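The structure appears below as structure tokens.
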Amino acid sequence: MQTEYDFIIIGAGAAGCVLAGNLSASGKYSVLLLEAGPDKANSFWVTTPLGYGHSMFNSRVNWMLQSEPDANLNDRTQYVPRGKVTGGSGSINAMVYMRGTPADYEEWQSLGNPGWGWDDVLASYKRMERHASGDAQWHGLAGPLEVTSRSPYSHPVCKAFLKAGEELQLPRNDNFNGASIEGVGYYHHSICANGKRMSSARAWLEPARKRPNFTLVCNAQVERLVLDGRCVTGVTYVRDGQSFDVKARRDVIVSAGAVHSPQLLMVSGIGPGAVLKAAGIEPHHDMPAVGQHLQDHVAWDIKYRSKVPTLNQDLNSKFGQLKAGIRYLLTGGGPLSTGTTHAGGFLRSSPKRPAPNLQLYFSPLSRDLVPGAPGRMGQPDPYAAFSMSVCNMRPRSRGEITITAPDMRAAPAIRFNFLFEPDDLKELVEGAHLLRRLASAPSLSAIIEREYAPGPDVLSDKALEDDIRNRCYSIYHPSGSCRMGPDMANAVVDASLKVHGLDGLRVADASVMPFVVSGNLNAPSMMIGQRASEIILADASA
């Protein structure tokens, strides 16, 4: 097997697949892509959108991590699913396609990251997208990534939610990636018109596989980066019990995600000196920001028994599942052709907020997010019900990722530190009142039998605070743990995604976000891969 490549990319996730596809498409460079998981981006349960109910608790394609107990959540831990498969977490997620707001990226740039302002990233998004809307002002129409609205397949009960928004005089918005983020409407999804999931692996790796300058190695656990002084020269990985060393003529690019990217740097001796020594690693490059500044979106929900049928009836019984499966196989439509988050919105938690600060999710289904049978979520509740949830888009609380052993196979310690900053809790309490106002609007109240979680007795701000601490949960958007910025004291990479103080090493995934963007992270993670490839190719030809 070849032992030297121009570029070595670690992680075939949302960003890594984009990088591999674009760098190999240039035809000038050899590219090796290493993935710790299997090559299953085209398997049935991955390509079937609602199949993420199987992938969410399937250790064959999911790292299935757990956070440390969080004192602010009464010492509860959080489930941390991370994709261990080609396509990464974009092969097991709920496929909501959100880019964030222009203000997010303008702030990224203002923090000392030129080239990451809204105009720059919008151009990169457009080069990625093949958007079904046909709106060339806001979307790309000829890129590899198919994006659609699944509103024709959304459950009819969603209409009551949207009508309730109108009754509260909230703006209607069916393009949260357009001129404005504010309002309620249907989400766009990274789902093809034929009803199949569109991950970065399917969009970028499928054409890359045909190129002689591209090599994909799956089930390859990278053990460490190889350093020669201040230069990263290659990697060591293990596959089928055998160790391999490969060299990079140009760059090693770490795209292992917001959990495993900082872990790999640390087990390679790159990170906070005290953390490395405590884990038995001699520091090679003392970097205090590696693993720090971790952020995630935390959500809280209300569940209602419904007077009208919801998705529960379609999916709870074997007959309903069979019927949905036959419809999907014959037409590419029906409940299996979309996720469970059909509609939602971006709203202000109070009139005093200068811009939308909350994201809402409406799901025509209810169930506990706990494992059911091995390899799948719990069954939908056996009665008609739906849920509404809220999260604050720009939380202020910060956590960290640290290593516990000098081994990539040992799970790192993930500390989210949710609700440490008081305003994060205040926003969620305001969001709870907003959800209740929506539920009281005529169109929704007409179909609600009763609220059963948290229950109608949980009314005061104090009672809501207690319930939020007891029931809030991560919505799986970790970011910022190798963040981008000009100062090595509080950042890991510069605006070119080069690791400060080292040659031959870049990081490109959600870990480089200076702060978490407003909305879901799969699209921004792919955009980071797109921008990274553009920057790297420009540097290589300079």
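Naming works like this for the structure tokens: A, B, ... for the chains as they're shown, residue 1 at the start of each chain, ligands 1 onward in shown order.
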When DSSP works through the backbone of this structure, what residues of range 115-312 of chain A end up as strand (DSSP E or B), shown as a ChimeraX atom specification?
-> /A:129-131,141,145-149,172,183-186,188-189,191,197,214-217,221-228,231-239,242-254,270-271,285-286,292-295,298-306
Using only C-alpha atoms, which of A:Ile92, A:Thr47, A:Phe214, A:Asp457 sits nearest Ser59 in chain A?
-> A:Ile92
With only C-alpha atoms as the atoms that count, which of A:Gly333, A:Ile181, A:Leu168, A:Ala540 lies nearest to Ser440 in chain A?
-> A:Leu168
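Take the candidates A:Asp461, A:Glu427, A:Asp381, A:Glu206 and check each one against Asp39 in chain A using only C-alpha atoms; the shortest distance goes to A:Glu206.
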Among A:Leu425, A:Cys391, A:Ala385, A:Met484, Glu451 in chain A is approached most closely, using only C-alpha atoms, by A:Ala385
Report the residues of range 251-326 of chain A whose backbone DSSP state falls under helix (DSSP H, G or I), written as a VMD selection string.
-> chain A and resid 257 to 267 273 to 278 311 to 316 318 to 326
If you count only C-alpha atoms, which residues fall within 12 Å of Ser26 in chain A, apart from same-chain ones fewer than 6 positions away, as a list in words?
-> Leu19, Ala20, Ala208, Arg211, Pro212, Asn213, Phe214, Ser533, Glu534, Ile536, Leu537, Ala538, Ala540 and Ser541 of chain A
Name all residues at most 9 Å from Trp118 in chain A (count only C-alpha atoms; drop same-chain ones fewer than 6 positions away) and give them as a VMD selection string.
-> chain A and resid 101 to 106 109
Those residues you just picked out, can you put them in a file as a PDB file, in the first residue's frame with C-alpha atoms?
ATOM      1  CA  THR A 101     -27.281  33.861  10.500  1.00  0.00           C
ATOM      2  CA  PRO A 102     -25.139  36.440   8.700  1.00  0.00           C
ATOM      3  CA  ALA A 103     -24.456  38.004  12.102  1.00  0.00           C
ATOM      4  CA  ASP A 104     -22.873  34.747  13.306  1.00  0.00           C
ATOM      5  CA  TYR A 105     -20.245  34.807  10.597  1.00  0.00           C
ATOM      6  CA  GLU A 106     -19.679  38.540  10.720  1.00  0.00           C
ATOM      7  CA  GLN A 109     -14.632  37.507  11.215  1.00  0.00           C
TER       8      GLN A 109
END
Shell around range 272-280 of chain A at 12 Å using only C-alpha atoms, local window under 5 positions removed, as a short mmCIF file (atom, residue, chain, number, x, y, z; two decimals) with N, CA and C atoms, in the first residue's frame:
data_model
loop_
_atom_site.label_atom_id
_atom_site.label_comp_id
_atom_site.auth_asym_id
_atom_site.auth_seq_id
_atom_site.Cartn_x
_atom_site.Cartn_y
_atom_site.Cartn_z
N PRO A 262 -9.92 17.35 19.22
CA PRO A 262 -9.04 17.74 20.33
C PRO A 262 -8.43 16.53 21.03
N GLN A 263 -9.16 15.40 21.08
CA GLN A 263 -8.60 14.22 21.70
C GLN A 263 -7.35 13.75 20.95
N LEU A 264 -7.41 13.73 19.62
CA LEU A 264 -6.25 13.29 18.84
C LEU A 264 -5.07 14.22 19.03
N LEU A 265 -5.34 15.53 19.05
CA LEU A 265 -4.23 16.46 19.30
C LEU A 265 -3.59 16.17 20.66
N MET A 266 -4.42 15.95 21.67
CA MET A 266 -3.88 15.76 23.01
C MET A 266 -3.10 14.45 23.15
N VAL A 267 -3.62 13.35 22.60
CA VAL A 267 -2.87 12.10 22.72
C VAL A 267 -1.58 12.15 21.91
N HIS A 285 3.78 20.14 22.41
CA HIS A 285 3.44 21.52 22.02
C HIS A 285 2.34 21.98 22.97
N ASP A 286 2.72 22.79 23.94
CA ASP A 286 1.78 23.22 24.98
C ASP A 286 0.80 24.23 24.39
N MET A 287 -0.47 23.83 24.30
CA MET A 287 -1.51 24.69 23.73
C MET A 287 -2.70 24.72 24.69
N PRO A 288 -2.88 25.78 25.44
CA PRO A 288 -3.92 25.79 26.48
C PRO A 288 -5.34 25.70 25.96
N ALA A 289 -5.60 26.07 24.69
CA ALA A 289 -6.98 26.13 24.19
C ALA A 289 -7.50 24.81 23.64
N VAL A 290 -6.64 23.82 23.46
CA VAL A 290 -7.10 22.54 22.91
C VAL A 290 -8.07 21.89 23.89
N GLY A 291 -9.28 21.61 23.41
CA GLY A 291 -10.31 21.00 24.23
C GLY A 291 -11.14 21.98 25.04
N GLN A 292 -10.73 23.23 25.06
CA GLN A 292 -11.46 24.24 25.82
C GLN A 292 -12.54 24.90 24.94
N GLU A 400 -15.57 21.80 28.32
CA GLU A 400 -14.24 21.36 27.90
C GLU A 400 -14.24 19.87 27.60
N ILE A 401 -13.26 19.47 26.82
CA ILE A 401 -12.97 18.06 26.56
C ILE A 401 -11.54 17.80 26.99
N THR A 402 -11.36 16.80 27.83
CA THR A 402 -10.02 16.42 28.26
C THR A 402 -9.85 14.92 28.06
N ILE A 403 -8.62 14.50 27.98
CA ILE A 403 -8.35 13.07 27.81
C ILE A 403 -8.17 12.42 29.17
N THR A 404 -8.46 11.14 29.21
CA THR A 404 -8.34 10.38 30.45
C THR A 404 -7.22 9.36 30.38
N ALA A 405 -6.69 9.13 29.17
CA ALA A 405 -5.62 8.15 28.98
C ALA A 405 -4.90 8.48 27.67
N PRO A 406 -3.68 8.00 27.50
CA PRO A 406 -2.92 8.29 26.27
C PRO A 406 -3.31 7.36 25.13
N ASP A 407 -4.61 7.22 24.88
CA ASP A 407 -5.10 6.23 23.93
C ASP A 407 -6.39 6.74 23.30
N MET A 408 -6.46 6.75 21.97
CA MET A 408 -7.65 7.20 21.28
C MET A 408 -8.85 6.28 21.52
N ALA A 410 -9.75 5.18 24.43
CA ALA A 410 -10.35 5.54 25.72
C ALA A 410 -11.21 6.78 25.53
N PRO A 412 -12.88 10.23 25.87
CA PRO A 412 -12.46 11.44 26.59
C PRO A 412 -13.53 11.88 27.58
N ALA A 413 -13.14 12.75 28.48
CA ALA A 413 -14.10 13.34 29.42
C ALA A 413 -14.73 14.56 28.77
N CYS A 482 -11.59 23.30 19.29
CA CYS A 482 -10.29 23.65 18.68
C CYS A 482 -10.47 24.99 17.96
N MET A 488 -2.86 32.22 20.17
CA MET A 488 -2.71 30.84 20.63
C MET A 488 -3.13 30.67 22.08
N ALA A 489 -3.20 31.76 22.83
CA ALA A 489 -3.59 31.64 24.24
C ALA A 489 -5.04 31.17 24.38
N ASN A 490 -5.90 31.53 23.41
CA ASN A 490 -7.30 31.11 23.53
C ASN A 490 -7.87 30.56 22.24
N ALA A 491 -7.01 30.17 21.31
CA ALA A 491 -7.46 29.56 20.06
C ALA A 491 -6.45 28.50 19.65
N VAL A 492 -6.90 27.59 18.78
CA VAL A 492 -6.05 26.48 18.35
C VAL A 492 -5.56 26.67 16.92
#
